[in-house]
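Trainee: To be precise about what I am sending: the file is called upload_0.cif and holds mmCIF, C-alpha atoms.
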```cif
data_coords
loop_
_atom_site.label_atom_id
_atom_site.label_comp_id
_atom_site.auth_asym_id
_atom_site.auth_seq_id
_atom_site.Cartn_x
_atom_site.Cartn_y
_atom_site.Cartn_z
CA MET A 1 -28.33 141.99 -56.14
CA LYS A 2 -25.43 140.17 -54.52
CA ALA A 3 -25.97 141.44 -50.98
CA ASP A 4 -28.10 143.90 -49.05
CA ILE A 5 -27.87 146.89 -46.76
CA PHE A 6 -29.41 146.43 -43.32
CA VAL A 7 -30.12 149.43 -41.15
CA LEU A 8 -30.43 148.78 -37.43
CA SER A 9 -31.87 151.63 -35.38
CA ALA A 10 -33.05 152.07 -31.82
CA PRO A 11 -33.48 154.95 -29.43
CA ALA A 12 -30.28 155.65 -27.45
CA GLY A 13 -29.97 152.92 -24.83
CA GLY A 14 -32.04 150.59 -27.01
CA GLY A 15 -29.23 148.05 -27.23
CA LYS A 16 -28.38 148.39 -30.92
CA THR A 17 -24.60 148.24 -30.45
CA THR A 18 -24.71 145.12 -28.28
CA ILE A 19 -26.98 143.31 -30.71
CA ALA A 20 -24.97 144.44 -33.74
CA ASN A 21 -21.79 143.03 -32.19
CA LEU A 22 -23.43 139.67 -31.47
CA LEU A 23 -24.76 139.47 -35.03
CA LEU A 24 -21.39 140.28 -36.54
CA LYS A 25 -19.81 137.47 -34.52
CA GLU A 26 -22.44 134.85 -35.48
CA ILE A 27 -23.37 135.61 -39.06
CA PRO A 28 -20.85 134.95 -41.81
CA ASP A 29 -20.66 137.42 -44.69
CA LEU A 30 -22.08 140.25 -42.62
CA GLN A 31 -19.98 143.31 -41.90
CA ARG A 32 -20.47 146.58 -40.15
CA ILE A 33 -19.45 149.90 -41.62
CA VAL A 34 -17.78 152.10 -39.08
CA THR A 35 -19.45 155.48 -38.80
CA TYR A 36 -17.43 158.69 -39.07
CA THR A 37 -18.03 161.20 -36.30
CA THR A 38 -16.73 164.49 -34.98
CA ARG A 39 -17.77 163.76 -31.40
CA LYS A 40 -15.09 163.01 -28.81
CA PRO A 41 -14.39 159.32 -28.04
CA ARG A 42 -16.00 157.99 -24.83
CA PRO A 43 -13.68 156.08 -22.48
CA GLY A 44 -12.80 152.74 -24.07
CA GLU A 45 -13.95 153.65 -27.58
CA LYS A 46 -11.41 152.89 -30.28
CA ASN A 47 -10.79 154.90 -33.43
CA GLY A 48 -11.61 152.84 -36.53
CA VAL A 49 -13.51 150.28 -34.46
CA ASP A 50 -16.33 152.07 -32.64
CA TYR A 51 -16.17 155.14 -34.85
CA VAL A 52 -13.76 156.85 -37.14
CA PHE A 53 -13.09 160.01 -35.16
CA VAL A 54 -12.35 162.98 -37.40
CA SER A 55 -12.23 166.76 -37.00
CA LYS A 56 -15.08 169.04 -38.06
CA GLU A 57 -12.94 170.31 -40.94
CA GLU A 58 -12.17 166.82 -42.22
CA PHE A 59 -15.84 165.83 -41.98
CA GLU A 60 -17.03 168.88 -43.91
CA LYS A 61 -14.49 168.19 -46.62
CA LEU A 62 -15.88 164.64 -46.95
CA ILE A 63 -19.43 166.03 -47.21
CA GLN A 64 -18.32 168.22 -50.09
CA GLU A 65 -16.74 165.21 -51.77
CA ASN A 66 -20.14 163.44 -51.51
CA ALA A 67 -18.43 160.65 -49.62
CA PHE A 68 -21.36 159.84 -47.30
CA LEU A 69 -24.37 157.60 -47.80
CA GLU A 70 -25.99 159.65 -45.05
CA HIS A 71 -24.78 162.14 -42.51
CA ALA A 72 -26.38 164.17 -39.75
CA ILE A 73 -25.75 166.42 -36.82
CA VAL A 74 -26.82 164.91 -33.49
CA HIS A 75 -26.35 166.95 -30.31
CA GLY A 76 -23.92 169.20 -32.17
CA ASN A 77 -21.74 166.43 -33.60
CA TYR A 78 -21.50 165.09 -37.14
CA TYR A 79 -22.12 161.41 -37.86
CA GLY A 80 -21.80 159.87 -41.32
CA THR A 81 -21.71 156.54 -43.18
CA PRO A 82 -18.98 156.35 -45.83
CA LYS A 83 -20.41 155.37 -49.21
CA ARG A 84 -17.44 153.62 -50.80
CA GLU A 85 -16.96 151.02 -48.05
CA VAL A 86 -20.64 150.02 -48.28
CA PHE A 87 -20.67 149.31 -51.99
CA GLU A 88 -17.31 147.57 -51.96
CA LEU A 89 -18.80 145.02 -49.55
CA ILE A 90 -22.06 144.63 -51.48
CA GLU A 91 -20.07 143.98 -54.65
CA LYS A 92 -18.25 141.16 -52.83
CA GLY A 93 -21.56 139.59 -51.77
CA ILE A 94 -21.21 140.68 -48.15
CA ASP A 95 -24.29 142.02 -46.36
CA VAL A 96 -23.75 145.40 -44.74
CA LEU A 97 -25.00 146.24 -41.26
CA LEU A 98 -25.44 149.95 -40.56
CA VAL A 99 -26.13 150.94 -36.98
CA ILE A 100 -27.60 154.39 -37.47
CA ASP A 101 -30.35 156.63 -36.13
CA VAL A 102 -33.76 157.50 -37.55
CA GLN A 103 -32.49 160.53 -39.44
CA GLY A 104 -29.81 158.41 -41.08
CA MET A 105 -32.28 155.71 -42.08
CA ARG A 106 -34.50 158.34 -43.72
CA GLN A 107 -31.63 159.78 -45.73
CA ILE A 108 -30.47 156.40 -47.00
CA LYS A 109 -34.02 155.27 -47.77
CA SER A 110 -34.59 158.38 -49.89
CA ASN A 111 -31.79 157.23 -52.22
CA TYR A 112 -31.83 153.45 -51.77
CA LYS A 113 -35.37 152.09 -51.52
CA ASP A 114 -34.23 148.49 -51.16
CA ILE A 115 -32.47 148.74 -47.82
CA ILE A 116 -33.87 146.53 -45.08
CA SER A 117 -34.59 148.55 -41.96
CA ILE A 118 -34.94 147.11 -38.47
CA PHE A 119 -36.11 149.03 -35.43
CA LEU A 120 -35.35 147.82 -31.92
CA ILE A 121 -37.94 148.71 -29.32
CA PRO A 122 -37.14 148.56 -25.60
CA PRO A 123 -39.58 146.53 -23.49
CA SER A 124 -40.58 149.56 -21.41
CA PHE A 125 -39.88 153.24 -21.00
CA ASP A 126 -38.33 152.79 -17.55
CA GLU A 127 -35.99 150.11 -18.93
CA LEU A 128 -34.77 152.60 -21.51
CA LYS A 129 -34.02 155.15 -18.76
CA LEU A 130 -32.28 152.50 -16.69
CA ARG A 131 -30.01 151.48 -19.55
CA MET A 132 -28.95 155.08 -20.09
CA LYS A 133 -28.10 155.39 -16.39
CA LYS A 134 -26.14 152.12 -16.44
CA ARG A 135 -24.12 153.44 -19.33
CA GLY A 136 -22.95 156.22 -17.02
CA ASP A 137 -24.53 159.12 -18.91
CA SER A 138 -24.89 162.29 -16.81
CA GLU A 139 -28.34 163.45 -15.61
CA GLU A 140 -28.34 166.28 -18.13
CA GLU A 141 -27.19 163.92 -20.91
CA ILE A 142 -29.95 161.45 -19.95
CA GLU A 143 -32.64 164.14 -20.14
CA LYS A 144 -31.42 165.19 -23.58
CA ARG A 145 -31.24 161.59 -24.80
CA LEU A 146 -34.67 160.69 -23.41
CA HIS A 147 -36.13 163.62 -25.31
CA THR A 148 -34.54 162.30 -28.53
CA ALA A 149 -35.57 158.72 -27.71
CA ILE A 150 -39.23 159.72 -27.39
CA LYS A 151 -39.12 161.39 -30.78
CA GLU A 152 -37.30 158.43 -32.33
CA LEU A 153 -39.69 155.82 -30.93
CA LYS A 154 -42.47 157.39 -32.98
CA ALA A 155 -40.59 156.51 -36.17
CA TRP A 156 -41.15 152.75 -35.79
CA LYS A 157 -43.79 152.76 -38.55
CA GLU A 158 -41.17 153.80 -41.11
CA TYR A 159 -39.15 150.62 -40.59
CA ASP A 160 -39.57 147.26 -42.31
CA PHE A 161 -39.15 145.16 -39.18
CA ILE A 162 -39.74 145.65 -35.46
CA VAL A 163 -37.77 143.67 -32.88
CA ILE A 164 -38.65 144.02 -29.21
CA ASN A 165 -35.50 144.01 -27.13
CA ASP A 166 -36.72 142.58 -23.82
CA ASP A 167 -34.02 139.93 -23.89
CA ILE A 168 -30.72 140.45 -25.69
CA GLN A 169 -30.40 136.83 -26.87
CA LYS A 170 -33.97 136.68 -28.13
CA ALA A 171 -33.68 140.03 -29.87
CA LYS A 172 -30.39 138.94 -31.43
CA GLU A 173 -31.95 135.68 -32.69
CA ASN A 174 -34.90 137.53 -34.18
CA THR A 175 -32.64 140.02 -35.95
CA LYS A 176 -30.59 137.10 -37.21
CA TYR A 177 -33.71 135.52 -38.75
CA ILE A 178 -34.34 138.74 -40.66
CA ILE A 179 -30.81 138.81 -42.09
CA LEU A 180 -30.62 135.09 -42.89
CA SER A 181 -34.08 134.76 -44.42
CA ASN A 182 -33.32 137.70 -46.69
CA ARG A 183 -30.52 135.64 -48.22
CA LEU A 184 -33.10 133.09 -49.33
CA LYS A 185 -35.04 135.62 -51.39
CA THR A 186 -35.33 134.61 -55.03
CA LYS A 187 -33.49 137.74 -56.18
CA ARG A 188 -30.51 136.55 -54.13
CA PHE A 189 -30.55 133.02 -55.62
CA ASP A 190 -27.45 132.32 -57.65
CA ILE A 191 -27.88 129.38 -60.04
CA SER A 192 -24.13 129.16 -60.58
CA LYS A 193 -23.81 127.92 -57.00
CA ILE A 194 -25.75 124.75 -57.82
CA GLU A 195 -23.03 122.13 -58.23
CA ASP A 196 -25.05 119.55 -60.16
CA GLU A 197 -24.81 120.46 -63.84
CA LYS A 198 -27.98 118.63 -64.83
CA LEU A 199 -30.02 120.51 -62.24
CA ARG A 200 -28.30 123.80 -63.06
CA ASN A 201 -29.30 123.45 -66.71
CA LEU A 202 -32.89 122.62 -65.77
CA LEU A 203 -33.13 125.76 -63.65
CA LYS A 204 -31.94 128.09 -66.41
CA MET B 1 -52.94 141.53 -41.17
CA LYS B 2 -52.95 139.23 -38.17
CA ALA B 3 -51.24 136.29 -39.86
CA ASP B 4 -50.02 135.17 -43.26
CA ILE B 5 -50.40 132.42 -45.81
CA PHE B 6 -47.22 130.50 -46.64
CA VAL B 7 -47.08 128.32 -49.70
CA LEU B 8 -44.44 125.59 -49.71
CA SER B 9 -43.81 123.91 -53.05
CA ALA B 10 -41.27 121.48 -54.43
CA PRO B 11 -41.12 119.01 -57.25
CA ALA B 12 -42.42 115.57 -56.21
CA GLY B 13 -39.73 113.95 -54.05
CA GLY B 14 -38.44 117.39 -53.09
CA GLY B 15 -39.08 116.80 -49.41
CA LYS B 16 -41.89 119.30 -48.85
CA THR B 17 -44.00 117.03 -46.64
CA THR B 18 -41.09 116.10 -44.36
CA ILE B 19 -40.07 119.71 -43.93
CA ALA B 20 -43.64 120.88 -43.42
CA ASN B 21 -44.11 118.34 -40.62
CA LEU B 22 -40.92 119.46 -38.86
CA LEU B 23 -41.97 123.11 -39.11
CA LEU B 24 -45.41 122.41 -37.71
CA LYS B 25 -43.85 120.69 -34.70
CA GLU B 26 -41.36 123.46 -33.96
CA ILE B 27 -43.17 126.68 -34.76
CA PRO B 28 -46.02 127.82 -32.53
CA ASP B 29 -49.05 129.43 -34.18
CA LEU B 30 -48.42 127.75 -37.49
CA GLN B 31 -50.93 125.30 -38.89
CA ARG B 32 -51.30 123.27 -42.02
CA ILE B 33 -54.48 123.11 -44.00
CA VAL B 34 -55.27 119.61 -45.10
CA THR B 35 -55.76 119.36 -48.85
CA TYR B 36 -58.85 117.71 -50.30
CA THR B 37 -58.21 115.11 -52.97
CA THR B 38 -59.96 112.52 -55.05
CA ARG B 39 -56.89 110.31 -55.37
CA LYS B 40 -56.77 107.01 -53.51
CA PRO B 41 -54.89 106.95 -50.18
CA ARG B 42 -51.36 105.48 -50.30
CA PRO B 43 -50.52 102.86 -47.65
CA GLY B 44 -50.29 104.59 -44.27
CA GLU B 45 -52.03 107.80 -45.32
CA LYS B 46 -54.80 108.91 -42.99
CA ASN B 47 -58.00 110.66 -43.98
CA GLY B 48 -58.17 114.15 -42.46
CA VAL B 49 -54.47 114.08 -41.64
CA ASP B 50 -52.54 113.57 -44.88
CA TYR B 51 -55.46 114.51 -47.09
CA VAL B 52 -59.20 114.72 -46.90
CA PHE B 53 -60.13 111.95 -49.32
CA VAL B 54 -63.39 112.63 -51.12
CA SER B 55 -65.17 111.28 -54.18
CA LYS B 56 -65.10 113.03 -57.55
CA GLU B 57 -68.77 113.97 -57.11
CA GLU B 58 -68.20 115.51 -53.69
CA PHE B 59 -65.18 117.45 -54.98
CA GLU B 60 -67.07 118.85 -57.95
CA LYS B 61 -69.89 119.95 -55.68
CA LEU B 62 -67.37 121.85 -53.53
CA ILE B 63 -65.93 123.53 -56.65
CA GLN B 64 -69.40 124.76 -57.55
CA GLU B 65 -69.84 126.11 -54.03
CA ASN B 66 -66.58 128.08 -54.54
CA ALA B 67 -65.18 126.38 -51.46
CA PHE B 68 -61.57 126.17 -52.67
CA LEU B 69 -58.76 128.70 -52.50
CA GLU B 70 -57.20 126.75 -55.35
CA HIS B 71 -57.83 123.41 -56.98
CA ALA B 72 -56.26 121.46 -59.77
CA ILE B 73 -56.16 118.16 -61.57
CA VAL B 74 -52.82 116.37 -61.27
CA HIS B 75 -52.36 113.00 -62.97
CA GLY B 76 -56.13 112.69 -63.26
CA ASN B 77 -56.91 113.46 -59.62
CA TYR B 78 -58.41 116.57 -58.06
CA TYR B 79 -56.53 118.42 -55.30
CA GLY B 80 -57.92 121.48 -53.51
CA THR B 81 -57.32 123.81 -50.55
CA PRO B 82 -60.48 124.64 -48.61
CA LYS B 83 -60.97 128.42 -48.30
CA ARG B 84 -62.89 128.65 -45.03
CA GLU B 85 -60.30 126.81 -42.89
CA VAL B 86 -57.54 129.15 -44.13
CA PHE B 87 -59.28 132.37 -43.21
CA GLU B 88 -60.52 131.09 -39.89
CA LEU B 89 -56.88 130.53 -38.86
CA ILE B 90 -55.67 133.88 -40.23
CA GLU B 91 -58.41 135.63 -38.24
CA LYS B 92 -57.13 133.93 -35.08
CA GLY B 93 -53.58 135.15 -35.78
CA ILE B 94 -52.32 131.74 -36.83
CA ASP B 95 -50.00 131.49 -39.83
CA VAL B 96 -51.17 129.02 -42.45
CA LEU B 97 -48.82 126.60 -44.19
CA LEU B 98 -50.03 125.30 -47.54
CA VAL B 99 -48.08 122.46 -49.09
CA ILE B 100 -49.17 122.73 -52.69
CA ASP B 101 -47.79 122.49 -56.18
CA VAL B 102 -46.83 125.16 -58.70
CA GLN B 103 -50.28 125.26 -60.29
CA GLY B 104 -51.85 125.79 -56.87
CA MET B 105 -49.45 128.56 -55.96
CA ARG B 106 -50.29 130.38 -59.20
CA GLN B 107 -54.02 130.17 -58.58
CA ILE B 108 -53.75 131.49 -55.03
CA LYS B 109 -51.33 134.24 -56.03
CA SER B 110 -53.73 135.47 -58.69
CA ASN B 111 -56.27 136.24 -55.94
CA TYR B 112 -54.07 136.86 -52.92
CA LYS B 113 -50.96 138.83 -53.81
CA ASP B 114 -49.62 138.87 -50.25
CA ILE B 115 -48.98 135.16 -49.81
CA ILE B 116 -45.38 134.20 -49.07
CA SER B 117 -44.20 131.49 -51.41
CA ILE B 118 -41.26 129.18 -50.78
CA PHE B 119 -39.77 126.79 -53.32
CA LEU B 120 -37.66 123.84 -52.23
CA ILE B 121 -34.97 122.81 -54.68
CA PRO B 122 -33.32 119.38 -54.46
CA PRO B 123 -29.50 119.43 -54.39
CA SER B 124 -29.23 117.45 -57.64
CA PHE B 125 -31.34 115.80 -60.28
CA ASP B 126 -30.18 112.32 -59.36
CA GLU B 127 -31.08 112.92 -55.71
CA LEU B 128 -34.62 113.78 -56.81
CA LYS B 129 -34.85 110.50 -58.74
CA LEU B 130 -33.43 108.57 -55.80
CA ARG B 131 -36.02 110.02 -53.39
CA MET B 132 -38.83 109.01 -55.70
CA LYS B 133 -37.45 105.47 -55.83
CA LYS B 134 -37.06 105.33 -52.04
CA ARG B 135 -40.69 106.30 -51.69
CA GLY B 136 -41.56 103.13 -53.53
CA ASP B 137 -43.09 104.73 -56.60
CA SER B 138 -43.30 102.38 -59.62
CA GLU B 139 -40.98 102.88 -62.65
CA GLU B 140 -43.88 104.20 -64.69
CA GLU B 141 -44.96 106.48 -61.86
CA ILE B 142 -41.38 107.75 -61.50
CA GLU B 143 -41.14 108.60 -65.21
CA LYS B 144 -44.42 110.53 -65.02
CA ARG B 145 -43.36 112.34 -61.88
CA LEU B 146 -39.91 113.20 -63.20
CA HIS B 147 -41.52 114.77 -66.22
CA THR B 148 -43.69 116.91 -63.95
CA ALA B 149 -40.73 117.68 -61.67
CA ILE B 150 -38.70 119.07 -64.58
CA LYS B 151 -41.56 121.36 -65.58
CA GLU B 152 -42.07 122.45 -61.96
CA LEU B 153 -38.40 123.20 -61.33
CA LYS B 154 -38.55 125.89 -63.99
CA ALA B 155 -41.12 127.77 -61.89
CA TRP B 156 -38.62 128.73 -59.17
CA LYS B 157 -38.48 132.32 -60.41
CA GLU B 158 -42.15 132.82 -59.53
CA TYR B 159 -41.53 132.17 -55.84
CA ASP B 160 -40.52 134.67 -53.15
CA PHE B 161 -37.95 132.41 -51.49
CA ILE B 162 -35.71 129.54 -52.59
CA VAL B 163 -34.52 126.93 -50.10
CA ILE B 164 -32.06 124.28 -51.23
CA ASN B 165 -32.91 120.96 -49.66
CA ASP B 166 -29.52 119.27 -49.49
CA ASP B 167 -29.93 118.60 -45.77
CA ILE B 168 -33.36 118.25 -44.17
CA GLN B 169 -32.38 119.98 -40.91
CA LYS B 170 -30.71 122.89 -42.67
CA ALA B 171 -33.59 123.30 -45.10
CA LYS B 172 -36.03 123.19 -42.19
CA GLU B 173 -34.07 125.85 -40.28
CA ASN B 174 -33.95 128.10 -43.34
CA THR B 175 -37.68 127.76 -43.92
CA LYS B 176 -38.22 128.50 -40.23
CA TYR B 177 -36.27 131.74 -40.56
CA ILE B 178 -38.58 132.82 -43.37
CA ILE B 179 -41.70 132.17 -41.30
CA LEU B 180 -40.38 133.67 -38.06
CA SER B 181 -38.84 136.79 -39.60
CA ASN B 182 -42.12 137.50 -41.36
CA ARG B 183 -43.74 137.84 -37.93
CA LEU B 184 -41.39 140.72 -37.20
CA LYS B 185 -42.61 142.77 -40.16
CA THR B 186 -43.96 146.16 -39.15
CA LYS B 187 -47.40 145.36 -40.56
CA ARG B 188 -47.57 142.46 -38.10
CA PHE B 189 -46.56 144.60 -35.10
CA ASP B 190 -49.38 144.86 -32.59
CA ILE B 191 -48.93 147.79 -30.17
CA SER B 192 -51.56 146.38 -27.85
CA LYS B 193 -49.13 143.59 -26.99
CA ILE B 194 -46.69 146.07 -25.39
CA GLU B 195 -47.35 145.68 -21.66
CA ASP B 196 -45.79 148.95 -20.51
CA GLU B 197 -48.50 151.62 -20.77
CA LYS B 198 -46.07 154.53 -20.97
CA LEU B 199 -44.24 152.97 -23.92
CA ARG B 200 -47.50 151.92 -25.57
CA ASN B 201 -48.74 155.50 -25.49
CA LEU B 202 -45.47 156.79 -26.93
CA LEU B 203 -45.72 154.37 -29.83
CA LYS B 204 -49.25 155.41 -30.80
#
```
Mind converting the file's structure to structure tokens?
Mentor:
Amino acid sequence: MKADIFVLSAPAGGGKTTIANLLLKEIPDLQRIVTYTTRKPRPGEKNGVDYVFVSKEEFEKLIQENAFLEHAIVHGNYYGTPKREVFELIEKGIDVLLVIDVQGMRQIKSNYKDIISIFLIPPSFDELKLRMKKRGDSEEEIEKRLHTAIKELKAWKEYDFIVINDDIQKAKENTKYIILSNRLKTKRFDISKIEDEKLRNLLK
Amino acid sequence: MKADIFVLSAPAGGGKTTIANLLLKEIPDLQRIVTYTTRKPRPGEKNGVDYVFVSKEEFEKLIQENAFLEHAIVHGNYYGTPKREVFELIEKGIDVLLVIDVQGMRQIKSNYKDIISIFLIPPSFDELKLRMKKRGDSEEEIEKRLHTAIKELKAWKEYDFIVINDDIQKAKENTKYIILSNRLKTKRFDISKIEDEKLRNLLK
């Protein structure tokens, strides 16, 4: 295996986007796959950067073409991870970071057992609420999202790693350790990268 | 599992002792178990710190008492890891770092599948030779050790992680990532450490 698929999940307001962006800046050979969605862009969100925004019709056509690694309907909108982009990166030796929800993780895991899944847990329930408010979600939206968050929190046991997000920098560092240490796994060791010929021959 | 057993191996001159000492300084809740041996202390080596130096008779008595997690004869001398000290630390939630050779790793792995094994690889064969010379080993000693080193290098595939030791600081950091990320594994997550009662109850 030349590279791996990392799934980063958290309840809404759990800080997964912030941490993902920090990781992508700091870690070489790590790339994010932009999720396709049919939901409307929030103010400031850019097409092709935050999400690929497509129509319901386009999305359903892609489902039929089996173009998604996983897809789901959340609050009435489609979300999906395009398959081709993921495996193009893996083939190049670039780790893939997928920022997706619990449903998405389950779908991918059912087909790809070897993904590495990371679940971010907020430090407290009130902090989670606060973050949703800060983000400017409406009261009704917050209620709906809290309901989902409570359900999602219970899924922590299904993940490989748990990172408590009480401090963004600390949580980012911890997530970084997971991604970097994975590169040191024996299955990722590439003898051909050993420059010394004598040593390379001994290792064969 | 409250804590884990890490095995750090490298061919002689591979830098395992230096790296182990740096890790023990930097990482909280990580302790080394001092190996028992019947070999004579080298200049500067302290009893109970570098090794526990015992007589052949004492060592053989301990073998009969099943007091070792692993033990082996290397170049005519016994080396052994005391079992009790390891599990006392694990029970306290302290990760254990064992700096042992390939034979030792194999023995432990045959009884304890869940150990995390790390193999340090020197950047080149000549560098390995050079380090042995720097350490002041005699020509004869170096020949003997090189022979062992070549055999040991071939065991890299049996380890969980490979760290290339071309730069002590970098190799130390990489090994640190392995130890720290392991603490984030879901099996190591302890709900009782979540201070917020509301969140703790949701996670149950």
Trainee: With a distance threshold of 7 Å and counting all atoms listed in the file, extract the residues of chain B near chain A and express them as an MDAnalysis selection string.
Mentor: chainID B and resid 124:125 150 153:154 157 159:163 174 177:178 180:181 184:186 189 196 198:199 202:203
Trainee: One decimal, Å: what's the distance from atom CA of A:Ser117 over to atom CA of A:Leu23, could you say?
Mentor: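 Computing the Euclidean distance for atom CA of A:Ser117 and atom CA of A:Leu23 yields 15.1 Å.
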Trainee: Can you give me, as a ChimeraX atom specification, the residues this file yields under the PyMOL selection byres ((chain B and resi 58-73) around 12)?
Mentor: /B:5,7,33-39,52-57,74-87,98-112
Trainee: A:Ile191, A:Val49, A:Leu130, A:Leu120: which is nearest A:Ile19, counting all atoms listed in the file?
Mentor: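 The shortest atom-to-atom distance to A:Ile19 comes from A:Leu120.
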Trainee: Distance atom CA of B:Lys193-atom CA of B:Asp114, one decimal place?
Mentor: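 We find that atom CA of B:Lys193 and atom CA of B:Asp114 lie 23.7 Å from each other.
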Trainee: Quick one, how far is atom CA of A:Gly15 from atom CA of A:Asn165?
Mentor: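 About the pair atom CA of A:Gly15 and atom CA of A:Asn165: they are 7.5 Å apart.
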Trainee: If the PyMOL selection byres ((chain B and resi 146) around 10) were run on this exact file, what residues would it hold? Put them as a PDB file with C-alpha atoms, in the frame of the given file.
Mentor:
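The result, written out as part.pdb:
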```
ATOM      1  CA  PRO B  11     -41.120 119.010 -57.250  1.00  0.00           C
ATOM      2  CA  ALA B  12     -42.420 115.570 -56.210  1.00  0.00           C
ATOM      3  CA  GLY B  13     -39.730 113.950 -54.050  1.00  0.00           C
ATOM      4  CA  PHE B 125     -31.340 115.800 -60.280  1.00  0.00           C
ATOM      5  CA  LEU B 128     -34.620 113.780 -56.810  1.00  0.00           C
ATOM      6  CA  LYS B 129     -34.850 110.500 -58.740  1.00  0.00           C
ATOM      7  CA  MET B 132     -38.830 109.010 -55.700  1.00  0.00           C
ATOM      8  CA  GLU B 140     -43.880 104.200 -64.690  1.00  0.00           C
ATOM      9  CA  GLU B 141     -44.960 106.480 -61.860  1.00  0.00           C
ATOM     10  CA  ILE B 142     -41.380 107.750 -61.500  1.00  0.00           C
ATOM     11  CA  GLU B 143     -41.140 108.600 -65.210  1.00  0.00           C
ATOM     12  CA  LYS B 144     -44.420 110.530 -65.020  1.00  0.00           C
ATOM     13  CA  ARG B 145     -43.360 112.340 -61.880  1.00  0.00           C
ATOM     14  CA  HIS B 147     -41.520 114.770 -66.220  1.00  0.00           C
ATOM     15  CA  THR B 148     -43.690 116.910 -63.950  1.00  0.00           C
ATOM     16  CA  ALA B 149     -40.730 117.680 -61.670  1.00  0.00           C
ATOM     17  CA  ILE B 150     -38.700 119.070 -64.580  1.00  0.00           C
ATOM     18  CA  LYS B 151     -41.560 121.360 -65.580  1.00  0.00           C
ATOM     19  CA  GLU B 152     -42.070 122.450 -61.960  1.00  0.00           C
TER      20      GLU B 152
END
```
